[in-house]
Amino acid sequence: MTAVVLDGIVLGLQLGLLGVGLTLVYGLGGVLNLAHGQFAVLGAIVIARMLDASFSLWVAIPVGLVCIGLVGLLIDLTLMRPVYKLRGEERVLLGLLLMLGVGTIIDGLLEWRYPIEALSIRISGDPVPILGVSMRIGGLVGSGIALVAGAALFVFFRFSTFGRATRSVIQDEEGARLCGINPATVRTTIFALSAVLAGLVAIARAMTAPIVVTGGVRLTILALIVAVVGGLGSVSGAFLAGILLGVVSTVSAFYIGSYITSIILLATAAITIVFRPSGLLGHRP
Amino acid sequence: MAEDLLTVSALSAGYLGEDVLSEVTLDVASGEAVAVIGSNGAGKTTLLRAICGLLPTTAGSVHFGQTKLTGLGAHSIARAGIAFVPAERHLFPTMSVRDNLSLGAYPKRHQHAKLEFVFELFPRLEERGGQHAGTMSGGEQQMLAVGRALMSEPRLLVLDEPTTGLSPLLATEAYSALAKLRADGLTILVAEQQVPLALSLADRGYVLDHGKIQLSGQAAELADDPGVRKAYMGVT
C-alpha cells in the first residue's frame, strides 16, 4: 500500500505541474487550452529528435523548452488575439475551439512525420529506499523537477512584482488595469510560460514512462481534470489536486484495474464541480 | 489661474452604439478639486470611465497636460498619472491589504515612502495589513481603494461615488480624508450623488444631467443655486 501511495505522489506531482499551466491560462483570459497535452508531447518530440541526432540531454532539454515556449508565444500573439477581443461565453468557446484545432494539428503533424518517435529519459542509479519502499531513481528525479518547478512558481507568484501582477489580473482585471498593469502582456507571458511548463512535465514524465506521439489528448484530459479539481486559476490548488488525483489513480489502478481509473478520475472532477464549483482552492465564483 | 491639468473637449461615449454622454466639455486645473454632480443615471460613471480609458469614446478628446489620452488603454492612462477609484472599488479580494497597496505602486516600483503616507492617512489599513481585502468592511475597502490609488503618486485622483455603500458617518470621514489630500495639493475630480458633501470639498462643480453639462460654476455658487438645491439637495 505504501508503495502504491508513493507511486501516486510521484505521478501526482507531475499531474500538478501539468494542471498548473492549464489553470493559469484559463484563470487569466478564459482560454481553455485543449492543446496543453499536445504542447507537452511536441516539446518531448523535439527533445527526442535532438537526442537521436546525438545531442546531449543538456543541450536537447533547453532547446526543446525554448521551442515549445516560442510556439506558445506565437499562438498567443496570433490566434488568441481575436479571442481576447470577445467577452464572456463567446471568448471561452472560441478559445477552446481554436486550441482544440491547434491540438489536432499538432497530433496530425507528429503522427504523420514521426509516427514511432518517443521520448524516454533513462536516469542511471540504484533505487532509493523511502519508507521501506525501493523507489526508482527516474521517478524521484521527475518528482524533484516537479517540486522545484512548483516551488519556483509559488515564489514567483507570491513575491515577484510580475507574479503579483499576474494574480491581480486573475482576481480583478479592471482593478489590474487601473494599477497600470497591461493584461495583454501578462497573458502573453503566461501563455508562453504555460507551454514551457507543459514541456517540463513531458521531461519529468519521460523519466518513468515513454512519451509517445499519440499521448497528447490523454495529457490534455488529465490537465483539465486536475485544473477543475484544483480550482481554475489556483497554482497551489493544482498541485494539491494533482497529488490527490495521482494517489486516487494509482490506488484504483492497483486495487480495481487500470481500465476504470480514467472513469474514476473523471467522476472525481464531476463530483468536485457539483459540491465545490470553485475547486479545492479556487476563488472564482 | 493655474494651467489645465485635465482638458475634456466635446467628449461623447456610450454603450452598444448609443451615446450616454454627449459632447461634455470640462477642465480641471492643477491643484483644484472639481465635482461632477448629478442624479443616478445622469452619465457620471460613463464620463469618468471614458476619461480613464475603461470605455471607448465616440467623439471628442481628453488631454492630460500636453498628452492626448483619447484612444489609450486604461493601463497607459494609469501610468501617465491618473489614478481612478471606481465605485465598485475593484480590489484584489484574496490578496492582503499590503499586496493590494504594493500593486497600486506597480508603475513606480519604489513604494516605501508612499506606503507610510497611506498608513498615516488611514491608520486602519496598517492594522489590517495582512488581512485579505475581500474580508474587510465597506468603509475599510473604500480606504484601501483610495490608498491603492495614491500608491502610484498620481497627479490627478479621480473618484466615482466614493460614498457608495457607506453610512453617513463613514461618508463624512471619507470626504475629510479627501479634504486632507486636497490641502496637500493633490488635484481631485470626483463624481458624486451626495451633492452637499461633494460641494463642500470642491472648488468648482459641473451639473451633469442626461449626459450633458447643464450648469457649471464655483462650488459655493452651485450650492446656493435654487435649481441645484431643489433637484439635488432635498430643499423645496
# chains A, B, ... in the order shown; residues from 1 in each chain; ligands from 1

$ select_by_dssp --residues "stretch 9-232 of chain B" --states "strand (DSSP E)" --output "count of residues only"
62

$ closest_atom_pairs --of "chain A" --to "chain B" --cutoff "9 Å" --atoms "only C-alpha atoms" --output "JSON lines"
{"residue": "A:Thr161", "atom": "CA", "partner": "B:Tyr106", "partner_atom": "CA", "distance": 7.6}
{"residue": "A:Arg164", "atom": "CA", "partner": "B:Leu103", "partner_atom": "CA", "distance": 7.4}
{"residue": "A:Ala165", "atom": "CA", "partner": "B:Leu103", "partner_atom": "CA", "distance": 6.9}
{"residue": "A:Arg167", "atom": "CA", "partner": "B:Phe92", "partner_atom": "CA", "distance": 8.5}
{"residue": "A:Ser168", "atom": "CA", "partner": "B:Phe92", "partner_atom": "CA", "distance": 6.1}
{"residue": "A:Val169", "atom": "CA", "partner": "B:Phe92", "partner_atom": "CA", "distance": 8.7}
{"residue": "A:Ile170", "atom": "CA", "partner": "B:Phe92", "partner_atom": "CA", "distance": 9.0}
{"residue": "A:Gln171", "atom": "CA", "partner": "B:Phe92", "partner_atom": "CA", "distance": 5.6}
{"residue": "A:Asp172", "atom": "CA", "partner": "B:Phe92", "partner_atom": "CA", "distance": 6.0}
{"residue": "A:Glu173", "atom": "CA", "partner": "B:His90", "partner_atom": "CA", "distance": 8.4}
{"residue": "A:Glu174", "atom": "CA", "partner": "B:His90", "partner_atom": "CA", "distance": 6.7}
{"residue": "A:Gly175", "atom": "CA", "partner": "B:His90", "partner_atom": "CA", "distance": 4.7}
{"residue": "A:Ala176", "atom": "CA", "partner": "B:His75", "partner_atom": "CA", "distance": 8.0}
{"residue": "A:Arg177", "atom": "CA", "partner": "B:His75", "partner_atom": "CA", "distance": 4.7}
{"residue": "A:Leu178", "atom": "CA", "partner": "B:Ala78", "partner_atom": "CA", "distance": 5.8}
{"residue": "A:Cys179", "atom": "CA", "partner": "B:Gly104", "partner_atom": "CA", "distance": 5.1}
{"residue": "A:Gly180", "atom": "CA", "partner": "B:His75", "partner_atom": "CA", "distance": 3.9}
{"residue": "A:Ile181", "atom": "CA", "partner": "B:His75", "partner_atom": "CA", "distance": 5.5}
{"residue": "A:Asn182", "atom": "CA", "partner": "B:His75", "partner_atom": "CA", "distance": 5.7}
{"residue": "A:Pro183", "atom": "CA", "partner": "B:His75", "partner_atom": "CA", "distance": 8.6}
{"residue": "A:His283", "atom": "CA", "partner": "B:Thr94", "partner_atom": "CA", "distance": 7.6}

$ select_by_dssp --residues "stretch 44-229 of chain B" --states "helix (DSSP H, G or I)" --output "PyMOL selection string"
chain B and resi 44-51+74-80+97-104+112-121+123-127+133-135+138-150+168-183+195-201+219-224+226-229

$ residues_around --residues "B:Leu16" --least-positions-apart "2" --cutoff "12 Å" --atoms "only C-alpha atoms" --output "PyMOL selection string"
chain B and resi 13-14+18-20+55-58

$ closest_residue --among "B:Thr70, B:Gln193, B:Thr187, B:Gln218" --to "B:Glu32" --atoms "only C-alpha atoms"
B:Thr187

$ atom_distance --atom1 "atom CA of B:Gly129" --atom2 "atom CA of A:Gly230"
27.6 Å

$ atom_distance --atom1 "atom CA of A:Gly237" --atom2 "atom CA of A:Ser278"
10.3 Å

$ residues_around --residues "A:Gly103" --least-positions-apart "2" --cutoff "8 Å" --atoms "only C-alpha atoms" --output "mmCIF file with N, CA, C and O atoms, in the first residue's frame"
data_model
loop_
_atom_site.group_PDB
_atom_site.id
_atom_site.type_symbol
_atom_site.label_atom_id
_atom_site.label_comp_id
_atom_site.auth_asym_id
_atom_site.auth_seq_id
_atom_site.Cartn_x
_atom_site.Cartn_y
_atom_site.Cartn_z
ATOM 1 N N LEU A 34 -6.977 23.423 -24.911
ATOM 2 C CA LEU A 34 -7.169 21.996 -25.159
ATOM 3 C C LEU A 34 -6.019 21.405 -25.973
ATOM 4 O O LEU A 34 -6.098 20.269 -26.424
ATOM 5 N N ALA A 35 -4.948 22.163 -26.157
ATOM 6 C CA ALA A 35 -3.758 21.619 -26.806
ATOM 7 C C ALA A 35 -2.619 21.492 -25.797
ATOM 8 O O ALA A 35 -1.469 21.288 -26.169
ATOM 9 N N HIS A 36 -2.953 21.623 -24.505
ATOM 10 C CA HIS A 36 -1.904 21.646 -23.494
ATOM 11 C C HIS A 36 -1.076 20.354 -23.500
ATOM 12 O O HIS A 36 0.155 20.391 -23.452
ATOM 13 N N GLN A 38 -0.747 18.328 -25.991
ATOM 14 C CA GLN A 38 -0.013 18.281 -27.262
ATOM 15 C C GLN A 38 1.233 19.155 -27.192
ATOM 16 O O GLN A 38 2.249 18.831 -27.801
ATOM 17 N N PHE A 39 1.161 20.277 -26.463
ATOM 18 C CA PHE A 39 2.358 21.102 -26.245
ATOM 19 C C PHE A 39 3.431 20.248 -25.572
ATOM 20 O O PHE A 39 4.606 20.288 -25.939
ATOM 21 N N MET A 99 -8.022 26.207 -29.764
ATOM 22 C CA MET A 99 -6.954 25.398 -29.173
ATOM 23 C C MET A 99 -7.171 23.914 -29.466
ATOM 24 O O MET A 99 -6.218 23.156 -29.604
ATOM 25 N N LEU A 100 -8.449 23.509 -29.572
ATOM 26 C CA LEU A 100 -8.735 22.133 -29.983
ATOM 27 C C LEU A 100 -8.176 21.899 -31.382
ATOM 28 O O LEU A 100 -7.576 20.856 -31.674
ATOM 29 N N GLY A 101 -8.345 22.905 -32.241
ATOM 30 C CA GLY A 101 -7.798 22.828 -33.597
ATOM 31 C C GLY A 101 -6.280 22.737 -33.586
ATOM 32 O O GLY A 101 -5.690 21.904 -34.281
ATOM 33 N N ILE A 105 -3.978 19.689 -34.998
ATOM 34 C CA ILE A 105 -2.915 19.885 -35.996
ATOM 35 C C ILE A 105 -1.588 19.313 -35.484
ATOM 36 O O ILE A 105 -0.875 18.616 -36.210
ATOM 37 N N ILE A 106 -1.263 19.596 -34.219
ATOM 38 C CA ILE A 106 -0.009 19.070 -33.660
ATOM 39 C C ILE A 106 -0.033 17.537 -33.689
ATOM 40 O O ILE A 106 0.926 16.894 -34.134
ATOM 41 N N ASP A 107 -1.155 16.963 -33.238
ATOM 42 C CA ASP A 107 -1.312 15.496 -33.266
ATOM 43 C C ASP A 107 -1.072 14.951 -34.676
ATOM 44 O O ASP A 107 -0.307 14.008 -34.885
ATOM 45 N N GLY A 216 -0.819 13.024 -26.509
ATOM 46 C CA GLY A 216 -1.244 14.384 -26.206
ATOM 47 C C GLY A 216 -2.649 14.510 -25.638
ATOM 48 O O GLY A 216 -2.854 15.188 -24.629
ATOM 49 N N VAL A 217 -3.604 13.862 -26.294
ATOM 50 C CA VAL A 217 -5.002 14.009 -25.872
ATOM 51 C C VAL A 217 -5.179 13.565 -24.425
ATOM 52 O O VAL A 217 -5.837 14.234 -23.620
#

$ closest_residue --among "A:Gly257, A:Pro129, A:Gly138, A:Gly279" --to "A:Ala241" --atoms "only C-alpha atoms"
A:Gly279

$ atom_distance --atom1 "atom CA of A:Ser143" --atom2 "atom CA of A:Leu224"
20.3 Å

$ residues_around --residues "B:Glu173" --least-positions-apart "6" --cutoff "12 Å" --atoms "only C-alpha atoms" --output "ChimeraX atom specification"
/B:121-122,139-140,142-143,162-163,166-167,179-180,197

$ write_last_selection --atoms "N, CA, C and O atoms" --output "mmCIF file, in the first residue's frame"
data_model
loop_
_atom_site.group_PDB
_atom_site.id
_atom_site.type_symbol
_atom_site.label_atom_id
_atom_site.label_comp_id
_atom_site.auth_asym_id
_atom_site.auth_seq_id
_atom_site.Cartn_x
_atom_site.Cartn_y
_atom_site.Cartn_z
ATOM 1 N N LEU B 121 -2.495 58.365 6.572
ATOM 2 C CA LEU B 121 -3.834 58.864 6.233
ATOM 3 C C LEU B 121 -4.912 57.897 6.739
ATOM 4 O O LEU B 121 -5.950 58.313 7.248
ATOM 5 N N PHE B 122 -4.660 56.590 6.569
ATOM 6 C CA PHE B 122 -5.622 55.563 7.005
ATOM 7 C C PHE B 122 -4.928 54.565 7.936
ATOM 8 O O PHE B 122 -4.542 53.484 7.489
ATOM 9 N N GLY B 139 -16.325 50.323 4.537
ATOM 10 C CA GLY B 139 -15.548 51.526 4.804
ATOM 11 C C GLY B 139 -14.059 51.269 4.628
ATOM 12 O O GLY B 139 -13.330 52.086 4.047
ATOM 13 N N GLU B 140 -13.605 50.107 5.133
ATOM 14 C CA GLU B 140 -12.184 49.775 5.014
ATOM 15 C C GLU B 140 -11.807 49.528 3.558
ATOM 16 O O GLU B 140 -10.716 49.906 3.115
ATOM 17 N N GLN B 142 -13.142 50.959 1.018
ATOM 18 C CA GLN B 142 -13.068 52.268 0.379
ATOM 19 C C GLN B 142 -11.712 52.915 0.664
ATOM 20 O O GLN B 142 -11.073 53.477 -0.221
ATOM 21 N N MET B 143 -11.269 52.798 1.952
ATOM 22 C CA MET B 143 -9.950 53.347 2.303
ATOM 23 C C MET B 143 -8.865 52.669 1.481
ATOM 24 O O MET B 143 -7.947 53.323 0.980
ATOM 25 N N PRO B 162 -17.414 57.995 -4.186
ATOM 26 C CA PRO B 162 -16.646 57.376 -3.093
ATOM 27 C C PRO B 162 -17.497 57.012 -1.880
ATOM 28 O O PRO B 162 -17.036 56.257 -1.032
ATOM 29 N N THR B 163 -18.719 57.529 -1.810
ATOM 30 C CA THR B 163 -19.549 57.238 -0.637
ATOM 31 C C THR B 163 -20.450 56.025 -0.830
ATOM 32 O O THR B 163 -21.222 55.685 0.056
ATOM 33 N N LEU B 166 -21.557 53.464 1.959
ATOM 34 C CA LEU B 166 -21.048 53.889 3.263
ATOM 35 C C LEU B 166 -22.166 54.540 4.089
ATOM 36 O O LEU B 166 -23.065 55.184 3.548
ATOM 37 N N SER B 167 -22.077 54.401 5.411
ATOM 38 C CA SER B 167 -23.011 55.092 6.302
ATOM 39 C C SER B 167 -22.703 56.586 6.233
ATOM 40 O O SER B 167 -21.609 56.984 5.820
ATOM 41 N N ALA B 179 -10.340 65.829 1.783
ATOM 42 C CA ALA B 179 -10.028 67.242 2.039
ATOM 43 C C ALA B 179 -8.563 67.382 2.446
ATOM 44 O O ALA B 179 -7.884 68.339 2.045
ATOM 45 N N LYS B 180 -8.052 66.407 3.227
ATOM 46 C CA LYS B 180 -6.639 66.436 3.617
ATOM 47 C C LYS B 180 -5.742 66.336 2.373
ATOM 48 O O LYS B 180 -4.760 67.066 2.243
ATOM 49 N N LEU B 197 -21.923 67.026 0.217
ATOM 50 C CA LEU B 197 -20.571 66.573 0.541
ATOM 51 C C LEU B 197 -19.603 66.965 -0.558
ATOM 52 O O LEU B 197 -18.529 67.504 -0.291
#

$ residues_around --residues "stretch 3-15 of chain A" --least-positions-apart "5" --cutoff "10 Å" --atoms "only C-alpha atoms" --output "PyMOL selection string"
chain A and resi 20+130-136+139-147+150+198+200-205+208+219+222-223+225-227+238-255

$ write_last_selection --atoms "N, CA and C atoms" --output "compact mmCIF listing (two decimals), in the first residue's frame"
# COMPACT_ATOMS: atom_id res chain seq x y z
N VAL A 20 -1.18 23.09 -13.59
CA VAL A 20 -0.85 24.50 -13.34
C VAL A 20 -0.89 25.31 -14.63
N ILE A 130 12.66 4.48 0.35
CA ILE A 130 11.92 5.54 1.05
C ILE A 130 10.76 4.88 1.78
N LEU A 131 10.68 5.04 3.10
CA LEU A 131 9.64 4.41 3.92
C LEU A 131 9.57 2.91 3.66
N GLY A 132 10.72 2.29 3.47
CA GLY A 132 10.76 0.85 3.27
C GLY A 132 10.42 0.41 1.85
N VAL A 133 10.14 1.40 0.97
CA VAL A 133 9.82 1.05 -0.42
C VAL A 133 11.01 1.47 -1.29
N SER A 134 11.44 0.56 -2.17
CA SER A 134 12.55 0.95 -3.02
C SER A 134 12.01 1.69 -4.24
N MET A 135 12.37 2.98 -4.33
CA MET A 135 11.83 3.85 -5.38
C MET A 135 12.84 4.00 -6.51
N ARG A 136 12.34 3.91 -7.76
CA ARG A 136 13.25 4.08 -8.90
C ARG A 136 13.75 5.51 -8.99
N GLY A 139 11.80 8.17 -11.25
CA GLY A 139 10.60 8.76 -10.66
C GLY A 139 10.95 9.85 -9.66
N LEU A 140 12.03 9.60 -8.92
CA LEU A 140 12.42 10.59 -7.90
C LEU A 140 12.95 11.87 -8.54
N VAL A 141 13.77 11.72 -9.58
CA VAL A 141 14.27 12.91 -10.27
C VAL A 141 13.11 13.67 -10.92
N GLY A 142 12.18 12.92 -11.52
CA GLY A 142 11.00 13.54 -12.12
C GLY A 142 10.20 14.31 -11.08
N SER A 143 10.02 13.70 -9.90
CA SER A 143 9.29 14.39 -8.83
C SER A 143 10.06 15.61 -8.37
N GLY A 144 11.39 15.48 -8.32
CA GLY A 144 12.22 16.62 -7.92
C GLY A 144 12.01 17.80 -8.87
N ILE A 145 11.97 17.50 -10.17
CA ILE A 145 11.75 18.57 -11.17
C ILE A 145 10.41 19.25 -10.92
N ALA A 146 9.37 18.41 -10.70
CA ALA A 146 8.03 18.98 -10.48
C ALA A 146 8.01 19.82 -9.20
N LEU A 147 8.68 19.32 -8.14
CA LEU A 147 8.69 20.06 -6.87
C LEU A 147 9.43 21.39 -7.00
N GLY A 150 7.35 23.72 -9.00
CA GLY A 150 6.22 24.19 -8.19
C GLY A 150 6.66 25.25 -7.20
N ALA A 198 4.43 22.79 -19.77
CA ALA A 198 3.97 21.54 -20.40
C ALA A 198 5.17 20.72 -20.85
N LEU A 200 8.12 20.82 -19.59
CA LEU A 200 8.79 20.33 -18.39
C LEU A 200 8.12 19.07 -17.86
N VAL A 201 6.78 19.05 -17.93
CA VAL A 201 6.05 17.85 -17.49
C VAL A 201 6.46 16.66 -18.34
N ALA A 202 6.57 16.90 -19.66
CA ALA A 202 6.95 15.80 -20.55
C ALA A 202 8.32 15.25 -20.16
N ILE A 203 9.24 16.15 -19.81
CA ILE A 203 10.58 15.70 -19.43
C ILE A 203 10.52 14.88 -18.14
N ALA A 204 9.80 15.40 -17.13
CA ALA A 204 9.69 14.68 -15.85
C ALA A 204 9.03 13.32 -16.06
N ARG A 205 7.98 13.31 -16.88
CA ARG A 205 7.20 12.09 -17.12
C ARG A 205 8.07 11.05 -17.87
N THR A 208 9.89 8.22 -16.12
CA THR A 208 9.24 7.00 -15.63
C THR A 208 8.55 6.23 -16.74
N LEU A 219 -2.98 13.52 -22.06
CA LEU A 219 -2.39 14.51 -21.15
C LEU A 219 -3.30 15.74 -21.01
N LEU A 222 -6.09 14.87 -18.68
CA LEU A 222 -5.61 14.86 -17.29
C LEU A 222 -5.43 16.28 -16.77
N ALA A 223 -4.85 17.15 -17.60
CA ALA A 223 -4.64 18.54 -17.19
C ALA A 223 -5.97 19.20 -16.86
N ILE A 225 -8.79 17.74 -15.88
CA ILE A 225 -9.33 17.21 -14.64
C ILE A 225 -8.62 17.85 -13.44
N VAL A 226 -7.30 17.91 -13.50
CA VAL A 226 -6.54 18.49 -12.38
C VAL A 226 -6.94 19.94 -12.16
N ALA A 227 -7.05 20.70 -13.26
CA ALA A 227 -7.37 22.12 -13.14
C ALA A 227 -8.76 22.33 -12.55
N ALA A 238 -3.84 23.44 -7.94
CA ALA A 238 -3.50 22.48 -8.99
C ALA A 238 -2.55 21.40 -8.44
N PHE A 239 -1.58 21.80 -7.63
CA PHE A 239 -0.66 20.81 -7.08
C PHE A 239 -1.37 19.89 -6.09
N LEU A 240 -2.21 20.48 -5.24
CA LEU A 240 -2.98 19.67 -4.28
C LEU A 240 -3.84 18.65 -5.02
N ALA A 241 -4.55 19.14 -6.04
CA ALA A 241 -5.42 18.26 -6.83
C ALA A 241 -4.59 17.21 -7.56
N GLY A 242 -3.43 17.60 -8.06
CA GLY A 242 -2.56 16.67 -8.77
C GLY A 242 -2.18 15.50 -7.87
N ILE A 243 -1.74 15.81 -6.65
CA ILE A 243 -1.31 14.75 -5.73
C ILE A 243 -2.50 13.87 -5.36
N LEU A 244 -3.64 14.52 -5.04
CA LEU A 244 -4.85 13.76 -4.70
C LEU A 244 -5.23 12.81 -5.83
N LEU A 245 -5.27 13.34 -7.06
CA LEU A 245 -5.68 12.52 -8.20
C LEU A 245 -4.62 11.47 -8.55
N GLY A 246 -3.35 11.81 -8.33
CA GLY A 246 -2.29 10.84 -8.58
C GLY A 246 -2.45 9.62 -7.67
N VAL A 247 -2.72 9.90 -6.39
CA VAL A 247 -2.89 8.79 -5.44
C VAL A 247 -4.17 8.01 -5.78
N VAL A 248 -5.26 8.73 -6.04
CA VAL A 248 -6.51 8.05 -6.42
C VAL A 248 -6.25 7.16 -7.63
N SER A 249 -5.48 7.69 -8.58
CA SER A 249 -5.23 6.97 -9.81
C SER A 249 -4.43 5.69 -9.58
N THR A 250 -3.32 5.76 -8.83
CA THR A 250 -2.51 4.55 -8.64
C THR A 250 -3.23 3.54 -7.73
N VAL A 251 -3.94 4.05 -6.71
CA VAL A 251 -4.65 3.13 -5.82
C VAL A 251 -5.75 2.39 -6.59
N SER A 252 -6.52 3.13 -7.39
CA SER A 252 -7.61 2.46 -8.12
C SER A 252 -7.05 1.54 -9.20
N ALA A 253 -5.91 1.94 -9.81
CA ALA A 253 -5.31 1.07 -10.82
C ALA A 253 -4.82 -0.23 -10.18
N PHE A 254 -4.33 -0.13 -8.96
CA PHE A 254 -3.77 -1.31 -8.28
C PHE A 254 -4.87 -2.22 -7.76
N TYR A 255 -5.90 -1.65 -7.15
CA TYR A 255 -6.92 -2.48 -6.50
C TYR A 255 -8.11 -2.79 -7.38

$ closest_residue --among "B:Glu3, B:Glu126, B:Glu192, B:Asp160" --to "B:Leu144" --atoms "only C-alpha atoms"
B:Glu126

$ residues_around --residues "A:Ile68" --least-positions-apart "6" --cutoff "10 Å" --atoms "only C-alpha atoms" --output "PDB file with C-alpha atoms, in the first residue's frame"
ATOM      1  CA  PHE A  39       2.358  21.102 -26.245  1.00  0.00           C
ATOM      2  CA  ALA A  40       3.957  18.661 -23.800  1.00  0.00           C
ATOM      3  CA  VAL A  41       4.293  15.980 -26.498  1.00  0.00           C
ATOM      4  CA  LEU A  42       5.626  18.471 -29.056  1.00  0.00           C
ATOM      5  CA  GLY A  43       8.331  19.534 -26.595  1.00  0.00           C
ATOM      6  CA  ALA A  44       9.141  15.881 -25.908  1.00  0.00           C
ATOM      7  CA  VAL A  46      11.764  17.985 -30.258  1.00  0.00           C
ATOM      8  CA  LEU A  74       3.387  32.712 -31.373  1.00  0.00           C
ATOM      9  CA  ALA A 192       4.385  31.074 -23.186  1.00  0.00           C
ATOM     10  CA  LEU A 193       5.342  30.074 -19.626  1.00  0.00           C
ATOM     11  CA  SER A 194       2.477  27.588 -19.569  1.00  0.00           C
ATOM     12  CA  ALA A 195       3.772  25.961 -22.758  1.00  0.00           C
ATOM     13  CA  VAL A 196       7.253  25.683 -21.204  1.00  0.00           C
ATOM     14  CA  LEU A 197       5.683  24.069 -18.123  1.00  0.00           C
ATOM     15  CA  ALA A 198       3.967  21.537 -20.398  1.00  0.00           C
ATOM     16  CA  GLY A 199       7.368  20.714 -21.879  1.00  0.00           C
ATOM     17  CA  LEU A 200       8.795  20.333 -18.394  1.00  0.00           C
TER      18      LEU A 200
END

$ closest_residue --among "A:Ser56, A:Leu98, A:Asp76, A:Leu32" --to "A:Ala184" --atoms "only C-alpha atoms"
A:Asp76

$ decode --residues "stretch 103-129 of chain B" --atoms "C-alpha atoms" --output "compact mmCIF listing (two decimals), in the first residue's frame"
# COMPACT_ATOMS: atom_id res chain seq x y z
CA LEU B 103 0.19 46.65 -6.74
CA GLY B 104 -1.06 50.23 -6.67
CA ALA B 105 2.59 51.26 -6.92
CA TYR B 106 3.13 48.98 -9.95
CA PRO B 107 4.07 51.81 -12.32
CA LYS B 108 6.53 53.27 -9.79
CA ARG B 109 8.38 50.28 -8.28
CA HIS B 110 9.69 52.30 -5.30
CA GLN B 111 6.96 52.42 -2.73
CA HIS B 112 8.12 52.65 0.87
CA ALA B 113 7.73 56.39 1.33
CA LYS B 114 4.27 56.29 -0.21
CA LEU B 115 3.21 53.34 1.96
CA GLU B 116 3.96 55.34 5.10
CA PHE B 117 1.96 58.24 3.71
CA VAL B 118 -1.06 55.99 3.05
CA PHE B 119 -0.83 54.38 6.51
CA GLU B 120 -0.67 57.84 8.08
CA LEU B 121 -3.83 58.86 6.23
CA PHE B 122 -5.62 55.56 7.00
CA PRO B 123 -4.08 54.01 10.16
CA ARG B 124 -6.74 51.30 9.92
CA LEU B 125 -5.03 49.89 6.81
CA GLU B 126 -1.78 49.39 8.70
CA GLU B 127 -3.62 47.48 11.47
CA ARG B 128 -5.25 45.30 8.81
CA GLY B 129 -2.09 44.93 6.70
